[in-house]
file upload03.cif (mmCIF, C-alpha atoms)
data_data
#
loop_
_atom_site.label_atom_id
_atom_site.label_comp_id
_atom_site.auth_asym_id
_atom_site.auth_seq_id
_atom_site.Cartn_x
_atom_site.Cartn_y
_atom_site.Cartn_z
CA MET L 517 39.19 -52.04 13.94
CA ALA L 518 36.23 -51.79 11.65
CA SER L 519 34.42 -48.49 11.71
CA TRP L 520 31.44 -48.97 9.44
CA SER L 521 29.98 -51.59 7.11
CA PRO L 522 26.64 -51.71 5.24
CA GLY L 523 25.01 -53.83 7.94
CA THR L 524 26.14 -51.93 11.00
CA PRO L 525 23.49 -50.43 13.30
CA CYS L 526 23.74 -46.67 13.29
CA SER L 527 20.26 -45.36 13.82
CA CYS L 528 19.15 -43.74 17.05
CA ASP L 529 17.01 -40.65 17.53
CA CYS L 530 16.96 -38.15 20.41
CA PHE L 531 14.41 -35.38 20.93
CA VAL L 532 13.96 -32.48 23.32
CA SER L 533 11.29 -29.83 23.82
CA VAL L 534 12.15 -26.70 25.79
CA PRO L 535 9.37 -24.23 26.70
CA PRO L 536 7.54 -22.61 24.98
CA ALA L 537 7.52 -25.66 22.68
CA SER L 538 6.27 -27.84 25.56
CA ALA L 539 2.61 -27.83 26.54
CA ILE L 540 3.57 -27.52 30.21
CA PRO L 541 6.38 -25.61 31.94
CA ALA L 542 8.82 -28.49 31.58
CA VAL L 543 11.61 -29.74 29.37
CA ILE L 544 10.58 -32.99 27.66
CA PHE L 545 13.35 -35.43 26.64
CA ALA L 546 13.02 -38.61 24.56
CA LYS L 547 15.18 -41.26 22.91
CA ASN L 548 14.88 -44.46 20.90
CA SER L 549 17.88 -46.78 21.22
CA ASP L 550 18.34 -48.74 17.99
CA ARG L 551 20.69 -51.69 18.39
CA PRO L 552 21.26 -55.29 17.18
CA ARG L 553 17.78 -56.83 17.35
CA ASP L 554 18.59 -59.56 19.89
CA GLU L 555 20.55 -57.31 22.24
CA VAL L 556 18.88 -56.99 25.65
CA GLN L 557 18.63 -53.68 27.47
CA GLU L 558 18.18 -53.68 31.22
CA VAL L 559 17.09 -50.81 33.44
CA LEU L 560 19.69 -50.27 36.14
CA PHE L 561 19.33 -48.11 39.24
CA VAL L 562 22.59 -47.03 40.89
CA PRO L 563 22.32 -45.14 44.21
CA ALA L 564 24.44 -42.10 45.04
CA GLY L 565 27.82 -42.97 46.47
CA THR L 566 30.95 -41.69 48.18
CA HIS L 567 34.35 -43.03 47.19
CA ALA L 568 37.76 -43.13 48.82
CA PRO L 569 40.53 -40.88 47.47
CA GLY L 570 42.53 -42.61 44.76
CA SER L 571 39.73 -45.05 43.88
CA ARG L 572 39.68 -46.50 40.38
CA LEU L 573 36.55 -47.27 38.37
CA GLN L 574 36.28 -50.11 35.85
CA CYS L 575 34.26 -49.05 32.80
CA THR L 576 33.50 -51.35 29.86
CA TYR L 577 37.13 -51.72 28.73
CA ILE L 578 39.36 -49.38 30.73
CA GLU L 579 39.71 -47.97 34.24
CA VAL L 580 39.38 -44.28 35.08
CA GLU L 581 39.89 -42.30 38.25
CA GLN L 582 36.82 -42.25 40.48
CA VAL L 583 35.48 -39.00 41.96
CA SER L 584 34.66 -38.50 45.62
CA LYS L 585 30.86 -38.37 45.17
CA THR L 586 28.54 -39.74 42.50
CA HIS L 587 24.84 -39.04 41.89
CA ALA L 588 22.04 -41.59 41.86
CA VAL L 589 21.18 -42.62 38.29
CA ILE L 590 18.61 -44.64 36.37
CA LEU L 591 20.03 -46.17 33.19
CA SER L 592 18.77 -48.04 30.15
CA ARG L 593 21.78 -49.99 28.95
CA PRO L 594 22.82 -52.93 26.77
CA SER L 595 23.29 -55.47 29.52
CA TRP L 596 26.79 -56.56 28.45
CA LEU L 597 28.49 -53.20 29.03
CA TRP L 598 29.13 -50.75 31.86
CA GLY L 599 27.76 -47.54 30.35
CA ALA L 600 24.28 -46.73 29.03
CA GLU L 601 22.40 -45.71 25.89
CA MET L 602 20.27 -43.23 27.84
CA GLY L 603 19.45 -42.31 31.40
CA ALA L 604 18.87 -39.66 34.04
CA ASN L 605 20.19 -38.67 37.42
CA GLU L 606 18.64 -37.46 40.66
CA HIS L 607 19.23 -33.81 39.67
CA GLY L 608 17.03 -34.02 36.58
CA VAL L 609 19.80 -34.39 34.00
CA CYS L 610 19.01 -36.64 31.01
CA ILE L 611 21.41 -37.78 28.29
CA GLY L 612 21.12 -39.83 25.11
CA ASN L 613 23.90 -40.62 22.64
CA GLU L 614 24.14 -41.37 18.91
CA ALA L 615 26.70 -43.05 16.69
CA VAL L 616 28.41 -40.80 14.17
CA TRP L 617 31.29 -41.04 11.69
CA THR L 618 33.33 -38.02 10.62
CA LYS L 619 36.48 -37.16 8.68
CA GLU L 620 38.40 -37.76 11.89
CA PRO L 621 39.39 -41.47 11.89
CA VAL L 622 37.92 -43.80 14.49
CA GLY L 623 40.59 -44.93 16.96
CA GLU L 624 41.49 -48.62 16.96
CA GLY L 625 42.37 -48.95 20.64
CA GLU L 626 40.03 -49.64 23.53
CA ALA L 627 39.14 -46.50 25.43
CA LEU L 628 35.87 -45.10 26.80
CA LEU L 629 32.74 -45.96 24.86
CA GLY L 630 30.32 -43.12 24.21
CA MET L 631 27.94 -45.05 26.46
CA ASP L 632 30.57 -45.02 29.23
CA LEU L 633 30.93 -41.26 28.83
CA LEU L 634 27.14 -40.91 29.11
CA ARG L 635 26.98 -42.79 32.43
CA LEU L 636 30.01 -41.00 33.84
CA ALA L 637 28.43 -37.64 32.97
CA LEU L 638 25.17 -38.58 34.72
CA GLU L 639 27.00 -39.79 37.81
CA ARG L 640 29.12 -36.64 38.01
CA GLY L 641 27.10 -33.75 36.52
CA SER L 642 24.36 -31.87 38.38
CA SER L 643 23.27 -29.87 35.28
CA ALA L 644 23.31 -30.46 31.53
CA GLN L 645 26.19 -28.03 31.10
CA GLU L 646 28.17 -29.60 33.93
CA ALA L 647 27.59 -33.06 32.44
CA LEU L 648 28.86 -31.75 29.09
CA HIS L 649 32.07 -30.59 30.77
CA VAL L 650 32.46 -34.03 32.34
CA ILE L 651 32.28 -35.67 28.91
CA THR L 652 34.69 -33.28 27.22
CA GLY L 653 37.17 -33.55 30.09
CA LEU L 654 37.14 -37.34 30.01
CA LEU L 655 37.30 -37.31 26.21
CA GLU L 656 40.45 -35.20 26.37
CA ARG L 657 42.09 -37.45 28.96
CA TYR L 658 41.05 -40.95 27.89
CA GLY L 659 39.68 -40.66 24.35
CA GLN L 660 36.81 -42.72 22.91
CA GLY L 661 37.10 -46.14 21.33
CA GLY L 662 36.42 -49.85 21.49
CA SER L 663 33.78 -52.08 19.95
CA CYS L 664 30.22 -51.01 20.66
CA ARG L 665 28.49 -54.33 20.09
CA GLU L 666 28.72 -57.82 21.52
CA ASP L 667 30.27 -59.46 18.48
CA PRO L 668 33.72 -60.73 17.45
CA THR L 669 33.66 -58.29 14.52
CA PRO L 670 34.47 -54.84 15.98
CA PHE L 671 32.04 -51.99 15.48
CA CYS L 672 33.38 -48.56 16.44
CA TYR L 673 32.15 -45.00 16.13
CA HIS L 674 32.35 -41.51 17.54
CA ASN L 675 29.43 -39.99 19.42
CA THR L 676 26.98 -37.15 19.57
CA PHE L 677 24.99 -36.44 22.73
CA LEU L 678 21.76 -34.67 23.64
CA LEU L 679 21.86 -33.43 27.24
CA ALA L 680 18.90 -31.83 29.03
CA ASP L 681 17.92 -30.56 32.46
CA ARG L 682 15.04 -28.57 33.92
CA THR L 683 16.03 -25.33 32.20
CA GLU L 684 17.82 -26.05 28.92
CA ALA L 685 19.44 -28.59 26.60
CA TRP L 686 22.81 -28.99 24.91
CA VAL L 687 23.89 -30.83 21.78
CA LEU L 688 27.47 -32.12 21.98
CA GLU L 689 29.05 -33.55 18.82
CA THR L 690 32.46 -35.19 18.79
CA ALA L 691 35.16 -36.17 16.30
CA GLY L 692 37.84 -38.09 18.17
CA ARG L 693 38.90 -35.82 21.05
CA LEU L 694 37.57 -32.74 19.25
CA TRP L 695 34.06 -31.43 19.82
CA ALA L 696 31.52 -28.65 19.30
CA ALA L 697 28.47 -27.86 21.42
CA GLN L 698 25.24 -25.94 20.87
CA ARG L 699 23.04 -24.56 23.66
CA ILE L 700 19.26 -24.86 23.26
CA GLN L 701 17.26 -22.52 25.49
CA GLU L 702 13.87 -22.74 23.75
CA GLY L 703 12.04 -24.70 21.08
CA ALA L 704 12.10 -28.32 19.92
CA HIS L 705 15.24 -30.03 18.68
CA ASN L 706 16.29 -33.50 17.55
CA ILE L 707 19.45 -35.34 16.56
CA SER L 708 20.05 -38.48 14.50
CA ASN L 709 23.22 -40.20 13.34
CA GLN L 710 24.86 -37.20 11.71
CA LEU L 711 26.55 -33.96 12.62
CA SER L 712 23.96 -31.21 13.00
CA ILE L 713 25.81 -28.23 14.52
CA GLY L 714 26.53 -25.66 11.83
CA THR L 715 27.76 -22.15 12.56
CA ASP L 716 25.71 -21.76 15.77
CA ILE L 717 28.46 -23.03 18.09
CA SER L 718 28.17 -22.17 21.77
CA ALA L 719 31.39 -23.89 22.89
CA GLU L 720 34.16 -25.87 21.21
CA HIS L 721 37.48 -27.62 21.67
CA PRO L 722 40.30 -25.04 21.44
CA GLU L 723 42.03 -27.05 18.69
CA LEU L 724 38.88 -27.62 16.62
CA ARG L 725 39.43 -24.87 14.03
CA PRO L 726 43.25 -25.08 13.92
CA HIS L 727 42.99 -28.84 13.31
CA ALA L 728 40.41 -28.40 10.54
CA ARG L 729 42.61 -25.80 8.87
CA ALA L 730 45.74 -27.95 9.18
CA GLN L 731 43.92 -30.86 7.53
CA GLY L 732 42.77 -28.66 4.65
CA TRP L 733 39.10 -29.09 5.54
CA TRP L 734 38.61 -25.35 6.19
CA ASP L 735 40.37 -22.37 4.64
CA GLY L 736 40.11 -20.17 7.72
CA GLN L 737 38.21 -17.53 5.75
CA ASP L 738 34.68 -18.88 5.31
CA ASN L 739 32.28 -19.09 8.24
CA PHE L 740 33.16 -22.16 10.25
CA ASP L 741 30.33 -24.69 9.81
CA PHE L 742 31.18 -27.68 12.02
CA ALA L 743 28.87 -30.17 10.29
CA ARG L 744 30.01 -29.16 6.80
CA VAL L 745 33.71 -29.14 7.70
CA PHE L 746 33.83 -32.44 9.63
CA SER L 747 31.18 -34.57 7.87
CA LEU L 748 32.36 -37.26 5.49
CA THR L 749 32.25 -36.20 1.86
CA GLN L 750 30.62 -39.50 0.91
CA GLN L 751 28.22 -40.60 3.60
CA PRO L 752 27.55 -44.30 4.26
CA VAL L 753 24.12 -45.42 3.05
CA ARG L 754 22.70 -45.75 6.57
CA MET L 755 23.92 -42.26 7.48
CA GLU L 756 22.13 -40.94 4.41
CA ALA L 757 19.01 -42.70 5.73
CA ALA L 758 19.53 -40.88 9.03
CA LYS L 759 19.00 -37.57 7.20
CA ALA L 760 15.48 -38.66 6.28
CA ARG L 761 14.78 -39.72 9.86
CA PHE L 762 16.19 -36.46 11.17
CA GLN L 763 13.95 -34.44 8.86
CA ALA L 764 10.89 -36.57 9.68
CA GLY L 765 11.56 -36.16 13.40
CA ARG L 766 11.89 -32.41 13.02
CA GLU L 767 8.60 -32.21 11.13
CA LEU L 768 6.81 -34.33 13.74
CA LEU L 769 8.00 -31.96 16.46
CA GLN L 770 7.17 -28.82 14.48
CA ARG L 771 3.57 -29.95 14.04
CA GLN L 772 3.20 -30.01 17.84
CA GLN L 773 5.10 -26.79 18.69
CA GLY L 774 3.61 -25.37 21.87
CA GLY L 775 1.77 -28.60 22.61
CA ILE L 776 4.53 -31.15 23.11
CA THR L 777 3.87 -33.54 26.00
CA ALA L 778 5.26 -36.88 27.13
CA GLU L 779 2.46 -38.57 25.17
CA VAL L 780 3.44 -36.66 22.02
CA MET L 781 7.04 -37.77 22.44
CA MET L 782 5.92 -41.38 22.91
CA GLY L 783 3.98 -41.08 19.67
CA VAL L 784 7.05 -39.79 17.86
CA LEU L 785 9.14 -42.70 19.17
CA ARG L 786 6.45 -45.11 17.96
CA ASN L 787 6.40 -43.69 14.42
CA LYS L 788 7.30 -46.57 12.09
CA GLU L 789 6.65 -44.80 8.79
CA SER L 790 9.61 -42.46 9.37
CA GLY L 791 11.91 -45.25 10.57
CA ILE L 792 12.19 -43.62 14.00
CA CYS L 793 10.61 -46.78 15.44
CA MET L 794 13.05 -49.09 13.75
CA ASP L 795 12.78 -52.73 12.70
CA SER L 796 15.09 -53.24 9.75
CA GLY L 797 17.28 -56.22 8.96
CA GLY L 798 19.23 -57.26 12.02
CA PHE L 799 18.42 -54.13 14.00
CA ARG L 800 15.49 -52.62 15.83
CA THR L 801 14.54 -50.19 18.57
CA THR L 802 15.58 -52.19 21.63
CA ALA L 803 14.52 -49.71 24.32
CA SER L 804 12.95 -46.25 24.67
CA MET L 805 12.78 -43.43 27.20
CA VAL L 806 10.75 -40.24 27.71
CA SER L 807 11.37 -37.78 30.57
CA ILE L 808 9.44 -34.84 32.01
CA LEU L 809 11.72 -32.27 33.67
CA PRO L 810 9.52 -29.60 35.32
CA ARG L 811 10.85 -26.07 35.57
CA ASP L 812 9.51 -25.95 39.15
CA PRO L 813 12.27 -27.51 41.30
CA THR L 814 9.71 -28.59 43.91
CA GLN L 815 8.13 -30.97 41.40
CA PRO L 816 9.75 -34.36 40.72
CA CYS L 817 11.22 -35.28 37.38
CA VAL L 818 9.55 -38.33 35.83
CA HIS L 819 11.30 -40.80 33.54
CA PHE L 820 9.30 -43.30 31.49
CA LEU L 821 11.27 -46.39 30.41
CA THR L 822 10.20 -49.45 28.42
CA ALA L 823 12.97 -51.99 29.28
CA THR L 824 11.67 -53.92 26.24
CA PRO L 825 12.02 -53.59 22.45
CA ASP L 826 9.64 -51.92 19.97
CA PRO L 827 7.94 -48.99 21.71
CA SER L 828 4.85 -49.47 19.53
CA ARG L 829 4.25 -52.69 21.45
CA SER L 830 5.79 -51.81 24.80
CA VAL L 831 4.72 -49.97 27.95
CA PHE L 832 6.37 -46.71 29.06
CA LYS L 833 6.60 -47.10 32.85
CA PRO L 834 7.21 -44.11 35.17
CA PHE L 835 10.31 -43.92 37.38
CA ILE L 836 10.75 -41.22 40.03
CA PHE L 837 13.73 -40.74 42.33
CA GLY L 838 12.27 -41.03 45.82
CA VAL L 839 12.69 -42.56 49.25
CA GLY L 840 13.24 -46.29 49.10
CA VAL L 841 13.89 -46.50 45.36
CA ALA L 842 15.81 -49.68 44.56
CA GLN L 843 16.76 -51.97 41.71
CA VAL L 844 13.80 -53.79 40.18
CA PRO L 845 14.92 -57.41 39.64
CA GLN L 846 12.45 -58.10 36.80
CA VAL L 847 14.38 -55.71 34.51
CA MET L 848 17.88 -56.80 35.58
CA SER L 849 19.81 -59.19 33.37
CA PRO L 850 21.77 -62.14 34.76
CA THR L 851 25.49 -61.64 35.40
CA PHE L 852 28.34 -63.95 34.42
CA GLY L 853 31.31 -62.57 36.37
CA ALA L 854 34.80 -63.33 35.10
CA GLN L 855 33.35 -65.78 32.55
CA ASP L 856 31.39 -63.07 30.76
CA PRO L 857 32.38 -62.97 27.07
CA VAL L 858 33.10 -59.25 27.42
CA ARG L 859 35.67 -60.02 30.14
CA THR L 860 37.46 -63.02 28.63
CA LEU L 861 40.13 -62.41 25.97
CA PRO L 862 39.75 -62.45 23.05
CA ARG L 863 36.37 -60.85 23.68
CA PHE L 864 32.95 -61.99 22.43
CA GLN L 865 33.95 -65.49 21.34
CA THR L 866 30.85 -67.02 22.94
CA GLN L 867 27.28 -65.90 23.58
CA VAL L 868 25.22 -65.95 26.77
CA ASP L 869 21.52 -65.46 27.43
CA ARG L 870 21.12 -61.97 28.93
CA ARG L 871 17.31 -61.81 28.85
CA HIS L 872 15.77 -60.47 32.06
CA PRO L 873 12.38 -61.74 33.33
CA LEU L 874 10.27 -58.91 31.86
CA TYR L 875 12.04 -59.24 28.51
CA ARG L 876 11.23 -62.96 28.41
CA ARG L 877 7.53 -62.38 29.14
CA HIS L 878 7.40 -59.53 26.65
CA GLN L 879 8.86 -61.80 23.97
CA VAL L 880 6.05 -64.29 24.54
CA ALA L 881 3.50 -61.45 24.38
CA LEU L 882 4.97 -60.21 21.07
CA GLY L 883 4.67 -63.70 19.67
CA LEU L 884 1.00 -63.84 20.65
CA MET L 885 0.36 -60.41 19.16
CA GLU L 886 1.71 -61.69 15.85
CA SER L 887 0.18 -65.17 15.83
CA GLU L 888 -3.14 -64.94 17.68
CA GLN L 889 -5.21 -61.93 16.66
CA ASP L 890 -7.77 -61.95 19.50
CA ARG L 891 -5.29 -62.70 22.26
CA GLY L 892 -2.81 -60.26 20.75
CA GLN L 893 -5.39 -57.46 20.73
CA GLN L 894 -6.23 -58.18 24.36
CA LEU L 895 -2.57 -57.96 25.35
CA ARG L 896 -2.07 -54.73 23.41
CA GLN L 897 -5.11 -53.24 25.13
CA LYS L 898 -3.68 -54.23 28.51
CA GLN L 899 -0.47 -52.44 27.55
CA ARG L 900 -2.36 -49.29 26.58
CA ASP L 901 -4.45 -49.33 29.75
CA LEU L 902 -1.39 -49.78 31.97
CA GLU L 903 0.52 -47.00 30.25
CA GLN L 904 -2.49 -44.68 30.51
CA GLU L 905 -2.72 -45.46 34.22
CA GLY L 906 0.88 -44.34 34.64
CA LEU L 907 0.41 -41.20 32.56
CA GLU L 908 -2.70 -40.24 34.55
CA ALA L 909 -0.91 -40.79 37.85
CA VAL L 910 1.94 -38.56 36.69
CA ARG L 911 -0.44 -35.90 35.37
CA ALA L 912 -2.26 -35.76 38.72
CA LEU L 913 1.05 -35.62 40.57
CA LEU L 914 2.44 -32.71 38.53
CA ALA L 915 -0.90 -30.89 38.61
CA GLY L 916 -0.88 -31.00 42.40
CA GLU L 917 -4.06 -33.08 42.53
CA ARG L 918 -2.29 -35.86 44.36
CA ALA L 919 0.56 -35.84 46.87
CA PRO L 920 1.67 -39.43 47.47
CA PRO L 921 4.23 -40.10 50.19
CA PRO L 922 7.88 -40.21 49.09
CA GLN L 923 7.98 -43.97 49.63
CA GLU L 924 5.22 -44.43 47.05
CA LEU L 925 7.09 -42.32 44.50
CA GLY L 926 10.20 -44.41 45.01
CA SER L 927 8.29 -47.63 44.29
CA PHE L 928 6.40 -46.29 41.23
CA PHE L 929 8.53 -48.06 38.65
CA ARG L 930 8.58 -51.37 40.52
CA ALA L 931 4.78 -51.33 40.79
CA PHE L 932 4.29 -50.80 37.05
CA VAL L 933 6.89 -53.40 36.10
CA GLU L 934 5.08 -55.92 38.28
CA LYS L 935 1.70 -55.01 36.74
CA GLU L 936 3.10 -55.40 33.23
CA SER L 937 4.66 -58.73 34.11
CA GLN L 938 1.33 -59.93 35.54
CA ALA L 939 -0.49 -58.79 32.40
CA TYR L 940 1.70 -61.07 30.29
CA ALA L 941 1.27 -63.99 32.71
#

call {"tool": "encode", "arguments": {"input": "upload03.cif", "output": "structure tokens"}}
result
Amino acid sequence: MASWSPGTPCSCDCFVSVPPASAIPAVIFAKNSDRPRDEVQEVLFVPAGTHAPGSRLQCTYIEVEQVSKTHAVILSRPSWLWGAEMGANEHGVCIGNEAVWTKEPVGEGEALLGMDLLRLALERGSSAQEALHVITGLLERYGQGGSCREDPTPFCYHNTFLLADRTEAWVLETAGRLWAAQRIQEGAHNISNQLSIGTDISAEHPELRPHARAQGWWDGQDNFDFARVFSLTQQPVRMEAAKARFQAGRELLQRQQGGITAEVMMGVLRNKESGICMDSGGFRTTASMVSILPRDPTQPCVHFLTATPDPSRSVFKPFIFGVGVAQVPQVMSPTFGAQDPVRTLPRFQTQVDRRHPLYRRHQVALGLMESEQDRGQQLRQKQRDLEQEGLEAVRALLAGERAPPPQELGSFFRAFVEKESQAYA
């Protein structure tokens, strides 16, 4: 299977702010998902569940053993696969993943995608650290592999993850079944498509250092620097570009140290000059997410999702786990059952239209923004006003100025999706 080529998409960016870097007593999480430009991301809600002993679970390519109980999750995912690019669960755990290539070869067989590992960790982990253990355990048992795009030409990679909860964050970086992890208990941090963990390793695979020494990548005497030891000697061009994005993201966060809010994170995700808001060649930012995870466990976590591409011309809409929360059909892609190109072998020989209703209306709005200046400005203003309405509602909620009933919290996201859809109509 192919691992990398000059045109492959390998640019995502994840960010986290842990107090005192945040302006409020909350962890702030954010991610841009950069994918093939016509790929559709849907927002999927999956309720908590109980499962019979011995149950099996079909992921994108392979089955795994199901656990007895799974958490409710909200996911932003490429609509052709089982896993997700980013998401959160009912316990306030958020995860985003990134593509990465290392000295460890990419496996050719189908296994768990990094996006599958992300969803499994959200469904099974009640804290960031617990979710990390879920990923490393599954990685050890099933491995990672399989094509990560809906195309006959395979595109495979290893994964890094940013995991966050109400109290802390973790960076988990993998190379095949091997991994290293770094705990983040304060400050702002970001990851792009490269290894970033150096000598500050909080946990690691027991064979990580012996394997590096056996391969001649480390002499066993120098300080063990994971990124230096496992990074490719000659980086692909797009991974070199990720270094510039990583540095730009770090600088954007550092300028706001102590004052980072959800709005600040949205601004970072919308930054086109740095390439963080991507639109290059056949790839672009296809969906975005920002989450507020209050330290106070009595306050709800709030997750803003776009469900549409290009955050600079999209609306971040608030989702809150609450009574009566359900799937919003306007952001759900059509399904194709056994005839789906991902299910028929050989895979991806045909294409289907996966656009959900909000995506379709947003596409029309983008066209108007580009072709009709006055109408486009009106639509963009409607987007800004709607997003500000959501941000103000969340601010009042977390400040204790407003105490809506649980049923209203559960329908927050649906209400804003409907308002956005009406704005485009």

call {"tool": "closest_atom_pairs", "arguments": {"input": "upload03.cif", "of": "region 710-815 of chain L", "to": "region 900-904 of chain L", "cutoff": "12 Å", "atoms": "only C-alpha atoms", "output": "JSON lines"}}
result
{"residue": "L:Ala778", "atom": "CA", "partner": "L:Gln904", "partner_atom": "CA", "distance": 11.5}
{"residue": "L:Glu779", "atom": "CA", "partner": "L:Gln904", "partner_atom": "CA", "distance": 9.5}
{"residue": "L:Met782", "atom": "CA", "partner": "L:Glu903", "partner_atom": "CA", "distance": 10.7}

call {"tool": "resolve_selection", "arguments": {"input": "upload03.cif", "expression": "the PyMOL selection byres ((chain L and resi 795-797) around 10)", "output": "PDB file with C-alpha atoms, in the frame of the given file"}}
result
ATOM      1  CA  GLY L 523      25.010 -53.830   7.940  1.00  0.00           C
ATOM      2  CA  PRO L 525      23.490 -50.430  13.300  1.00  0.00           C
ATOM      3  CA  ASP L 550      18.340 -48.740  17.990  1.00  0.00           C
ATOM      4  CA  ARG L 551      20.690 -51.690  18.390  1.00  0.00           C
ATOM      5  CA  PRO L 552      21.260 -55.290  17.180  1.00  0.00           C
ATOM      6  CA  ARG L 553      17.780 -56.830  17.350  1.00  0.00           C
ATOM      7  CA  LYS L 788       7.300 -46.570  12.090  1.00  0.00           C
ATOM      8  CA  GLY L 791      11.910 -45.250  10.570  1.00  0.00           C
ATOM      9  CA  ILE L 792      12.190 -43.620  14.000  1.00  0.00           C
ATOM     10  CA  CYS L 793      10.610 -46.780  15.440  1.00  0.00           C
ATOM     11  CA  MET L 794      13.050 -49.090  13.750  1.00  0.00           C
ATOM     12  CA  GLY L 798      19.230 -57.260  12.020  1.00  0.00           C
ATOM     13  CA  PHE L 799      18.420 -54.130  14.000  1.00  0.00           C
ATOM     14  CA  ARG L 800      15.490 -52.620  15.830  1.00  0.00           C
ATOM     15  CA  THR L 801      14.540 -50.190  18.570  1.00  0.00           C
ATOM     16  CA  THR L 802      15.580 -52.190  21.630  1.00  0.00           C
ATOM     17  CA  PRO L 825      12.020 -53.590  22.450  1.00  0.00           C
ATOM     18  CA  ASP L 826       9.640 -51.920  19.970  1.00  0.00           C
TER      19      ASP L 826
END

call {"tool": "atom_distance", "arguments": {"input": "upload03.cif", "atom1": "CA of Leu591 (chain L)", "atom2": "CA of Asn613 (chain L)"}}
result
12.5 Å

call {"tool": "residues_around", "arguments": {"input": "upload03.cif", "residues": "region 930-935 of chain L", "least_positions_apart": "5", "cutoff": "9 Å", "atoms": "all atoms listed in the file", "output": "PyMOL selection string"}}
result
chain L and resi 833-835+841-847+874+902-903+906+940

call {"tool": "atom_distance", "arguments": {"input": "upload03.cif", "atom1": "CA of Gln899 (chain L)", "atom2": "CA of Ser937 (chain L)"}}
result
10.4 Å

call {"tool": "resolve_selection", "arguments": {"input": "upload03.cif", "expression": "the PyMOL selection byres ((chain L and resi 633-639) around 6)", "output": "PyMOL selection string"}}
result
chain L and resi 586-587+599-600+605+630-632+640-641+647+650-651

call {"tool": "atom_distance", "arguments": {"input": "upload03.cif", "atom1": "CA of Arg859 (chain L)", "atom2": "CA of Val583 (chain L)"}}
result
24.1 Å

call {"tool": "closest_residue", "arguments": {"input": "upload03.cif", "among": "L:Asp681, L:Glu905, L:Asp741, L:Asp667", "to": "Gly603 (chain L)", "atoms": "only C-alpha atoms"}}
result
L:Asp681

call {"tool": "residues_around", "arguments": {"input": "upload03.cif", "residues": "region 566-572 of chain L", "least_positions_apart": "5", "cutoff": "8 Å", "atoms": "all atoms listed in the file", "output": "list in words"}}
result
Glu579, Val580, Glu581, Gln582, Val583, Ser584, Lys585 and Thr586 of chain L

call {"tool": "resolve_selection", "arguments": {"input": "upload03.cif", "expression": "the PyMOL selection byres ((chain L and resi 598) around 6)", "output": "JSON list (two decimals) with C-alpha atoms, in the coordinates of the input"}}
result
[["chain", "number", "residue", "atom", "x", "y", "z"],
["L", 575, "CYS", "CA", 34.26, -49.05, 32.80],
["L", 576, "THR", "CA", 33.50, -51.35, 29.86],
["L", 597, "LEU", "CA", 28.49, -53.20, 29.03],
["L", 599, "GLY", "CA", 27.76, -47.54, 30.35]]

call {"tool": "residues_around", "arguments": {"input": "upload03.cif", "residues": "His819 (chain L)", "least_positions_apart": "3", "cutoff": "12 Å", "atoms": "all atoms listed in the file", "output": "tab-separated table (two decimals) with C-alpha atoms, in the coordinates of the input"}}
result
chain	number	residue	atom	x	y	z
L	543	VAL	CA	11.61	-29.74	29.37
L	544	ILE	CA	10.58	-32.99	27.66
L	545	PHE	CA	13.35	-35.43	26.64
L	546	ALA	CA	13.02	-38.61	24.56
L	547	LYS	CA	15.18	-41.26	22.91
L	559	VAL	CA	17.09	-50.81	33.44
L	589	VAL	CA	21.18	-42.62	38.29
L	590	ILE	CA	18.61	-44.64	36.37
L	591	LEU	CA	20.03	-46.17	33.19
L	592	SER	CA	18.77	-48.04	30.15
L	602	MET	CA	20.27	-43.23	27.84
L	603	GLY	CA	19.45	-42.31	31.40
L	604	ALA	CA	18.87	-39.66	34.04
L	605	ASN	CA	20.19	-38.67	37.42
L	606	GLU	CA	18.64	-37.46	40.66
L	608	GLY	CA	17.03	-34.02	36.58
L	609	VAL	CA	19.80	-34.39	34.00
L	610	CYS	CA	19.01	-36.64	31.01
L	611	ILE	CA	21.41	-37.78	28.29
L	778	ALA	CA	5.26	-36.88	27.13
L	782	MET	CA	5.92	-41.38	22.91
L	804	SER	CA	12.95	-46.25	24.67
L	805	MET	CA	12.78	-43.43	27.20
L	806	VAL	CA	10.75	-40.24	27.71
L	807	SER	CA	11.37	-37.78	30.57
L	808	ILE	CA	9.44	-34.84	32.01
L	809	LEU	CA	11.72	-32.27	33.67
L	810	PRO	CA	9.52	-29.60	35.32
L	816	PRO	CA	9.75	-34.36	40.72
L	822	THR	CA	10.20	-49.45	28.42
L	832	PHE	CA	6.37	-46.71	29.06
L	833	LYS	CA	6.60	-47.10	32.85
L	834	PRO	CA	7.21	-44.11	35.17
L	835	PHE	CA	10.31	-43.92	37.38
L	836	ILE	CA	10.75	-41.22	40.03
L	837	PHE	CA	13.73	-40.74	42.33
L	906	GLY	CA	0.88	-44.34	34.64
L	907	LEU	CA	0.41	-41.20	32.56
L	910	VAL	CA	1.94	-38.56	36.69
L	925	LEU	CA	7.09	-42.32	44.50
L	928	PHE	CA	6.40	-46.29	41.23
L	929	PHE	CA	8.53	-48.06	38.65
